[in-house]
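**Student:** Just one file: start.cif, with mmCIF, C-alpha atoms.
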data_final
#
loop_
_atom_site.label_atom_id
_atom_site.label_comp_id
_atom_site.auth_asym_id
_atom_site.auth_seq_id
_atom_site.Cartn_x
_atom_site.Cartn_y
_atom_site.Cartn_z
CA MET Z 1199 31.75 45.72 61.07
CA LYS Z 1200 31.55 44.34 57.54
CA HIS Z 1201 28.90 45.56 55.14
CA ILE Z 1202 26.18 43.02 54.36
CA ASP Z 1203 27.31 42.85 50.70
CA ASP Z 1204 30.77 41.83 51.87
CA ILE Z 1205 29.22 39.12 54.04
CA LYS Z 1206 27.17 37.95 51.08
CA GLN Z 1207 30.32 37.59 48.95
CA LEU Z 1208 32.06 35.82 51.81
CA VAL Z 1209 29.16 33.40 52.18
CA GLU Z 1210 29.28 32.66 48.44
CA ARG Z 1211 33.03 32.00 48.67
CA PHE Z 1212 32.40 29.82 51.74
CA LEU Z 1213 29.80 27.74 49.88
CA GLU Z 1214 32.27 27.35 47.04
CA GLY Z 1215 34.94 26.25 49.53
CA ARG Z 1216 37.30 29.16 48.80
CA THR Z 1217 37.40 30.90 52.21
CA THR Z 1218 40.37 30.89 54.59
CA ASN Z 1219 40.05 29.76 58.22
CA ALA Z 1220 40.14 33.38 59.36
CA GLU Z 1221 37.34 34.32 56.97
CA GLU Z 1222 35.26 31.39 58.13
CA HIS Z 1223 35.67 32.44 61.76
CA GLU Z 1224 34.71 35.91 60.74
CA LEU Z 1225 31.51 34.52 59.28
CA TYR Z 1226 30.77 32.44 62.41
CA GLU Z 1227 31.15 35.53 64.52
CA TRP Z 1228 29.10 37.78 62.28
CA PHE Z 1229 26.18 35.32 62.08
CA ALA Z 1230 26.34 34.82 65.87
CA THR Z 1231 26.26 38.49 66.76
CA ALA Z 1232 24.82 40.55 63.94
CA ASP Z 1233 21.18 41.27 63.18
CA VAL Z 1234 20.80 38.54 60.54
CA PRO Z 1235 18.06 39.04 57.92
CA GLU Z 1236 15.13 36.60 58.10
CA GLU Z 1237 15.91 35.01 54.73
CA TRP Z 1238 19.37 34.04 56.07
CA SER Z 1239 18.04 32.12 59.08
CA ASP Z 1240 19.19 28.84 57.51
CA LEU Z 1241 22.67 30.27 57.08
CA LYS Z 1242 22.66 31.46 60.68
CA ALA Z 1243 21.83 27.93 61.88
CA MET Z 1244 24.47 26.45 59.61
CA PHE Z 1245 27.26 28.79 60.80
CA ALA Z 1246 26.26 28.22 64.43
CA TRP Z 1247 26.63 24.52 63.82
CA TYR Z 1248 30.09 25.03 62.28
CA ALA Z 1249 31.08 27.38 65.10
CA ALA Z 1250 30.09 24.75 67.67
CA GLY Z 1251 32.47 22.27 66.05
CA MET Z 1252 29.81 20.39 64.03
CA PRO Z 1253 28.45 18.42 67.01
CA GLU Z 1254 26.12 15.90 65.28
CA GLU Z 1255 25.12 15.12 61.72
CA SER Z 1256 21.42 15.65 62.46
CA ALA Z 1257 22.10 19.04 63.93
CA ALA Z 1258 23.37 20.46 60.63
CA PRO Z 1259 20.23 21.56 58.87
CA ALA Z 1260 21.37 24.54 56.89
CA ARG Z 1261 24.12 23.30 54.61
CA ARG Z 1262 22.06 20.36 53.50
CA LYS Z 1263 19.22 22.67 52.56
CA LEU Z 1264 21.48 24.90 50.51
CA ARG Z 1265 21.68 23.24 47.14
CA PRO Z 1266 24.52 24.07 44.78
CA ALA Z 1267 23.58 26.11 41.70
CA ARG Z 1268 24.22 23.19 39.34
CA GLU Z 1269 21.82 20.99 41.27
CA LEU Z 1270 19.18 23.71 41.10
CA TRP Z 1271 19.63 24.04 37.32
CA VAL Z 1272 19.21 20.32 36.86
CA GLY Z 1273 16.00 20.47 38.87
CA TRP Z 1274 14.70 23.39 36.84
CA ALA Z 1275 15.61 21.74 33.56
CA ALA Z 1276 13.84 18.53 34.55
CA GLY Z 1277 10.75 20.52 35.54
CA VAL Z 1278 10.68 22.47 32.27
CA ALA Z 1279 11.17 19.27 30.26
CA ALA Z 1280 8.26 17.63 32.07
CA VAL Z 1281 5.97 20.62 31.39
CA VAL Z 1282 6.96 20.69 27.70
CA ALA Z 1283 6.36 16.93 27.36
CA ILE Z 1284 2.90 17.22 28.90
CA ALA Z 1285 2.05 20.22 26.68
CA VAL Z 1286 3.13 18.32 23.56
CA LEU Z 1287 0.94 15.37 24.52
CA ILE Z 1288 -2.06 17.61 25.18
CA PHE Z 1289 -1.72 19.60 21.95
CA ARG Z 1290 -1.12 16.46 19.91
CA GLU Z 1291 -4.37 15.04 21.17
CA ASP Z 1292 -6.21 18.25 20.27
CA GLU Z 1293 -4.62 18.61 16.82
CA PRO Z 1294 -7.27 17.82 14.20
CA ARG Z 1295 -6.38 14.79 12.10
CA ARG Z 1296 -6.12 15.36 8.37
CA PRO Z 1297 -9.02 13.51 6.76
CA ILE Z 1298 -7.84 10.56 4.70
CA ASP Z 1299 -8.68 10.80 1.02
CA ILE Z 1300 -9.02 7.14 0.09
CA TYR Z 1301 -9.23 8.08 -3.61
CA GLU Z 1302 -5.97 10.03 -3.59
CA GLY Z 1303 -3.95 8.86 -6.60
CA SER Z 1304 -6.97 7.40 -8.40
CA PHE Z 1305 -8.03 8.77 -11.76
CA ILE Z 1306 -9.70 7.98 -15.09
CA ILE Z 1307 -8.49 8.98 -18.53
CA ALA Z 1308 -11.10 8.69 -21.24
CA GLU Z 1309 -10.53 9.98 -24.75
CA GLY Z 1310 -7.46 11.82 -23.48
CA VAL Z 1311 -9.30 13.68 -20.71
CA ARG Z 1312 -8.25 13.05 -17.14
CA TYR Z 1313 -10.79 12.94 -14.31
CA ASP Z 1314 -9.80 12.73 -10.65
CA GLU Z 1315 -12.64 14.41 -8.77
CA PRO Z 1316 -13.65 11.88 -6.07
CA ALA Z 1317 -17.35 12.57 -6.55
CA TYR Z 1318 -17.06 11.83 -10.26
CA ILE Z 1319 -14.82 8.75 -10.19
CA GLU Z 1320 -15.87 7.16 -6.89
CA GLN Z 1321 -18.30 4.58 -8.28
CA GLU Z 1322 -16.06 3.51 -11.14
CA ILE Z 1323 -13.03 3.23 -8.88
CA GLU Z 1324 -14.94 1.11 -6.36
CA ALA Z 1325 -16.13 -1.17 -9.18
CA LEU Z 1326 -12.57 -1.44 -10.52
CA LEU Z 1327 -11.22 -2.39 -7.10
CA LEU Z 1328 -13.84 -5.15 -6.86
CA ARG Z 1329 -12.76 -6.52 -10.26
CA ALA Z 1330 -9.11 -6.27 -9.17
CA ASP Z 1331 -9.86 -8.15 -5.94
CA ALA Z 1332 -11.49 -10.95 -7.95
CA ILE Z 1333 -8.39 -11.18 -10.17
CA GLU Z 1334 -6.14 -11.20 -7.11
CA GLN Z 1335 -8.21 -14.03 -5.65
CA LYS Z 1336 -7.73 -16.03 -8.85
CA ALA Z 1337 -3.98 -15.28 -8.74
CA ASP Z 1338 -3.83 -16.45 -5.12
CA ASP Z 1339 -5.56 -19.71 -6.12
CA LEU Z 1340 -2.99 -20.19 -8.89
CA LEU Z 1341 -0.14 -19.50 -6.48
CA ALA Z 1342 -1.56 -21.97 -3.97
CA TRP Z 1343 -1.94 -24.56 -6.71
CA ALA Z 1344 1.66 -23.95 -7.80
CA GLU Z 1345 2.68 -24.07 -4.12
CA LEU Z 1346 4.37 -20.67 -4.34
CA MET G 914 36.79 -8.16 -5.07
CA LYS G 915 34.20 -9.95 -3.02
CA ARG G 916 32.35 -6.66 -2.45
CA LEU G 917 32.43 -5.92 -6.20
CA LEU G 918 30.97 -9.34 -6.93
CA ILE G 919 28.12 -8.77 -4.45
CA ILE G 920 27.36 -5.35 -5.97
CA CYS G 921 27.29 -6.87 -9.49
CA MET G 922 24.93 -9.61 -8.30
CA LEU G 923 22.62 -7.03 -6.73
CA LEU G 924 22.64 -4.93 -9.90
CA VAL G 925 21.81 -7.95 -12.05
CA ALA G 926 19.01 -8.91 -9.64
CA GLY G 927 17.64 -5.35 -9.76
CA VAL G 928 17.70 -5.19 -13.56
CA THR G 929 16.09 -8.63 -13.83
CA SER G 930 13.40 -7.65 -11.36
CA SER G 931 12.61 -4.31 -13.00
CA SER G 932 12.47 -5.80 -16.50
CA ALA G 933 10.32 -8.82 -15.60
CA GLN G 934 7.20 -7.33 -17.18
CA GLU G 935 8.95 -4.80 -19.38
CA HIS G 936 7.00 -5.39 -22.58
CA ILE G 937 3.61 -5.19 -20.86
CA GLU G 938 4.72 -2.17 -18.85
CA ALA G 939 6.04 -0.44 -21.98
CA LEU G 940 2.66 -0.75 -23.67
CA LEU G 941 0.78 0.42 -20.58
CA THR G 942 3.10 3.38 -20.11
CA ARG G 943 2.70 4.36 -23.73
CA ASP G 944 -1.07 4.24 -23.51
CA ILE G 945 -1.36 5.75 -20.02
CA GLY G 946 0.29 8.96 -21.16
CA GLY G 947 -1.23 9.08 -24.61
CA ASN G 948 -4.48 10.55 -25.86
CA ARG G 949 -5.39 7.57 -27.89
CA HIS G 950 -8.86 7.43 -29.31
CA GLY G 951 -11.02 4.60 -28.03
CA ILE G 952 -8.83 3.84 -25.02
CA THR G 953 -9.99 4.26 -21.44
CA LEU G 954 -7.59 4.00 -18.55
CA ARG G 955 -8.66 3.68 -14.94
CA SER G 956 -6.21 3.89 -12.08
CA ALA G 957 -7.30 2.99 -8.58
CA VAL G 958 -5.38 3.15 -5.37
CA LYS G 959 -6.74 0.98 -2.60
CA ARG G 960 -5.96 2.53 0.77
CA ASP G 961 -6.38 1.54 4.36
CA PRO G 962 -9.30 3.78 5.45
CA GLU G 963 -7.80 4.09 8.93
CA THR G 964 -4.24 5.07 8.04
CA GLY G 965 -4.36 6.03 4.35
CA GLU G 966 -1.58 3.51 3.69
CA VAL G 967 -1.56 2.16 0.12
CA ILE G 968 -2.60 -1.48 -0.07
CA LYS G 969 -2.58 -1.93 -3.84
CA ARG G 970 -2.46 0.06 -7.04
CA VAL G 971 -4.49 -1.07 -10.04
CA TYR G 972 -4.49 0.02 -13.67
CA GLU G 973 -7.21 -1.06 -16.06
CA LEU G 974 -6.81 -0.31 -19.72
CA SER G 975 -9.68 -1.06 -22.05
CA ALA G 976 -9.99 -0.49 -25.76
CA VAL G 977 -12.64 -1.27 -28.34
CA ASN G 978 -12.24 -1.63 -32.08
CA ASN G 979 -8.53 -1.85 -31.70
CA ARG G 980 -7.36 -5.16 -33.05
CA SER G 981 -3.75 -4.03 -33.41
CA LEU G 982 -3.54 -3.01 -29.73
CA ALA G 983 -5.06 -6.35 -28.71
CA LYS G 984 -2.40 -8.15 -30.71
CA GLU G 985 0.36 -5.97 -29.23
CA PHE G 986 -0.73 -6.90 -25.71
CA VAL G 987 -0.98 -10.59 -26.52
CA ASP G 988 2.57 -10.48 -27.90
CA ALA G 989 3.83 -8.51 -24.87
CA PHE G 990 2.31 -11.01 -22.42
CA HIS G 991 3.87 -13.92 -24.29
CA THR G 992 7.26 -12.21 -24.43
CA ASP G 993 7.25 -11.60 -20.67
CA ARG G 994 5.86 -15.05 -19.91
CA GLU G 995 9.22 -16.72 -19.26
CA THR G 996 9.95 -14.55 -16.22
CA ALA G 997 6.50 -14.99 -14.62
CA ASP G 998 6.20 -17.02 -11.42
CA VAL G 999 2.72 -18.22 -12.41
CA TRP G 1000 1.09 -18.24 -15.84
CA ASP G 1001 -2.44 -19.27 -16.71
CA GLU G 1002 -4.20 -18.94 -20.05
CA SER G 1003 -7.59 -20.10 -21.20
CA ARG G 1004 -10.09 -19.63 -23.97
CA ASN G 1005 -13.76 -19.28 -23.25
CA GLY G 1006 -15.64 -19.08 -26.51
CA SER G 1007 -14.22 -16.07 -28.30
CA ILE G 1008 -12.56 -14.65 -25.18
CA TYR G 1009 -8.87 -15.32 -24.63
CA ASN G 1010 -7.69 -14.82 -21.02
CA VAL G 1011 -4.23 -14.70 -19.48
CA THR G 1012 -3.29 -14.25 -15.83
CA ALA G 1013 0.38 -13.84 -14.99
CA VAL G 1014 1.84 -13.36 -11.54
CA TRP G 1015 5.24 -12.11 -10.44
CA LEU G 1016 6.30 -12.19 -6.81
CA ASN G 1017 8.39 -9.92 -4.59
CA PRO G 1018 6.58 -7.65 -4.83
CA LYS G 1019 3.37 -9.36 -5.89
CA ARG G 1020 2.31 -8.10 -9.32
CA ILE G 1021 -0.64 -9.49 -11.17
CA TYR G 1022 -1.29 -8.87 -14.87
CA SER G 1023 -4.45 -10.00 -16.52
CA LEU G 1024 -5.43 -9.88 -20.18
CA ALA G 1025 -8.79 -10.45 -21.82
CA VAL G 1026 -9.14 -10.27 -25.59
CA ALA G 1027 -12.34 -10.70 -27.56
CA GLY G 1028 -11.89 -9.90 -31.21
CA SER G 1029 -10.98 -6.24 -31.38
CA MET G 1030 -11.75 -5.59 -27.69
CA VAL G 1031 -8.96 -5.77 -25.15
CA THR G 1032 -8.84 -5.27 -21.39
CA VAL G 1033 -5.66 -5.33 -19.36
CA TYR G 1034 -5.34 -5.21 -15.58
CA ALA G 1035 -2.06 -4.50 -13.87
CA GLN G 1036 -1.93 -4.46 -10.11
CA THR G 1037 0.80 -4.24 -7.55
CA ILE G 1038 0.01 -5.42 -4.04
CA TYR G 1039 2.01 -3.64 -1.37
CA ARG G 1040 0.54 -5.34 1.67
CA GLU G 1041 -2.20 -7.70 2.79
CA ASP G 1042 -5.63 -6.16 2.99
CA LYS G 1043 -6.66 -7.01 6.57
CA GLN G 1044 -10.31 -6.17 5.90
CA SER G 1045 -10.66 -8.70 3.09
CA ASN G 1046 -9.46 -11.55 5.34
#
Please express the file's structure as structure tokens.
**Tutor:**
Amino acid sequence: MKHIDDIKQLVERFLEGRTTNAEEHELYEWFATADVPEEWSDLKAMFAWYAAGMPEESAAPARRKLRPARELWVGWAAGVAAVVAIAVLIFREDEPRRPIDIYEGSFIIAEGVRYDEPAYIEQEIEALLLRADAIEQKADDLLAWAEL
Amino acid sequence: MKRLLIICMLLVAGVTSSSAQEHIEALLTRDIGGNRHGITLRSAVKRDPETGEVIKRVYELSAVNNRSLAKEFVDAFHTDRETADVWDESRNGSIYNVTAVWLNPKRIYSLAVAGSMVTVYAQTIYREDKQSN
């Protein structure tokens, strides 16, 4: 009688398609007669189906359930990718937005001294932008008049 | 040869574009960095409050009791006039005004001179301000 580790190796070789006919028959016989562990019940059904000459497609449950390692990896990878994508979306939503400093880049230089503290320059900058908007409006009128 | 010609044309276009307001810009640059007595410079960046994106940048230079600076700016505006897309000048009493516009990108320069007082605005518009429409 073969040791269960030998059977395990034989099963792996069978699933990889590397067993001889004699080895396959050995497996059919072992799974038909030995005390098969519970976790191998699918394998037992599969080898019984092979041993019976593969009677019907629907009667072959085990081999279809056994997924090749590559297929399993693809499934795992897809699952991990989905979890990561969801986590990124969740954390991005929770990430606090950096407050926008609308006066960033604005400053005043008077008598050679530069001021850029928002609280200090805010009113003057707002007034300047209003004057600039009025000039832009005049420029737009000129452009419209010149049909440019 | 054809590629070389295209590159030369692009270089000429770039130089022409960057030097369109060169005399005005040279004066502003000189006075922006300097510690000149009697000159105040204000620089404002208008941003989209939602995104922080820059809509326009404005410089305002004002000087009092500086007749020579006023004359320098008048000369600079007139020198750069020939490249402007739009030019408008007027006199209202003792105040002499000029508005000059260059396109692509839209740049607007405005000059107001009253005796020894001079105010210059230079603004570059990067995109339409949706809120002002």
**Student:** Quick one: of G:Val1026, G:Ala983, G:Ile1008, G:Val1014, who's nearest to chain Z, counting only C-alpha atoms?
**Tutor:**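 Checking each candidate against chain Z, we get G:Val1014 as the closest.
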**Student:** In Å, with one decimal, what is the gap from atom CA of G:Ala976 to atom CA of Z:Leu1341?
**Tutor:**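 Distance between the two atoms: 28.8 Å.
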**Student:** Could you tell me which residues the PyMOL selection byres ((chain G) within 10 of (chain Z)) returns for this structure, as a ChimeraX atom specification?
**Tutor:** /G:944-967,969-975,998-1001,1012-1016,1019-1023,1034-1038,1045
**Student:** Between atom CA of G:Thr996 and atom CA of G:Gln934, what is the distance in Å, rounded to a tenth?
**Tutor:** 7.8 Å
**Student:** To one decimal place, how far is atom CA of Z:Trp1274 from atom CA of Z:Trp1247 in Å?
**Tutor:**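 Between atom CA of Z:Trp1274 and atom CA of Z:Trp1247 the gap works out to 29.5 Å.
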**Student:** Which residues are close to G:Glu1002, i.e. within 8 Å by only C-alpha atoms, leaving aside same-chain residues fewer than 5 positions away? Reply as a PyMOL selection string.
**Tutor:** chain G and resi 1009-1012
**Student:** Given the PyMOL selection byres ((chain Z and resi 1219-1233) around 12) and the file above, list the residues it selects as a ChimeraX atom specification.
**Tutor:** /Z:1199-1202,1204-1213,1215-1218,1234-1251
**Student:** Residues near G:Val977, anyone? I mean within 7 Å using all atoms listed in the file, not counting same-chain ones fewer than 5 positions away, as a ChimeraX atom specification.
**Tutor:** /G:951,1029-1031
**Student:** Grab the residues selected above and save them as a PDB file, in the coordinates of the input with C-alpha atoms.
**Tutor:**
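Final file, again_39.pdb:
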ATOM      1  CA  GLY G 951     -11.020   4.600 -28.030  1.00  0.00           C
ATOM      2  CA  SER G1029     -10.980  -6.240 -31.380  1.00  0.00           C
ATOM      3  CA  MET G1030     -11.750  -5.590 -27.690  1.00  0.00           C
ATOM      4  CA  VAL G1031      -8.960  -5.770 -25.150  1.00  0.00           C
TER       5      VAL G1031
END
**Student:** Which residue, G:Glu935, G:Ile968, G:Asn979, G:Ala989, has the smallest gap to G:Arg1040 when you use all atoms listed in the file?
**Tutor:** G:Ile968
**Student:** Extending 4 Å beyond the listed atoms of stretch 1332-1337 of chain Z on each side, what axis-aligned box results? I want centre and edge lengths in Å to one decimal, as AutoDock Vina command-line options.
**Tutor:**
--center_x -7.7 --center_y -13.5 --center_z -7.9 --size_x 15.5 --size_y 13.1 --size_z 12.5
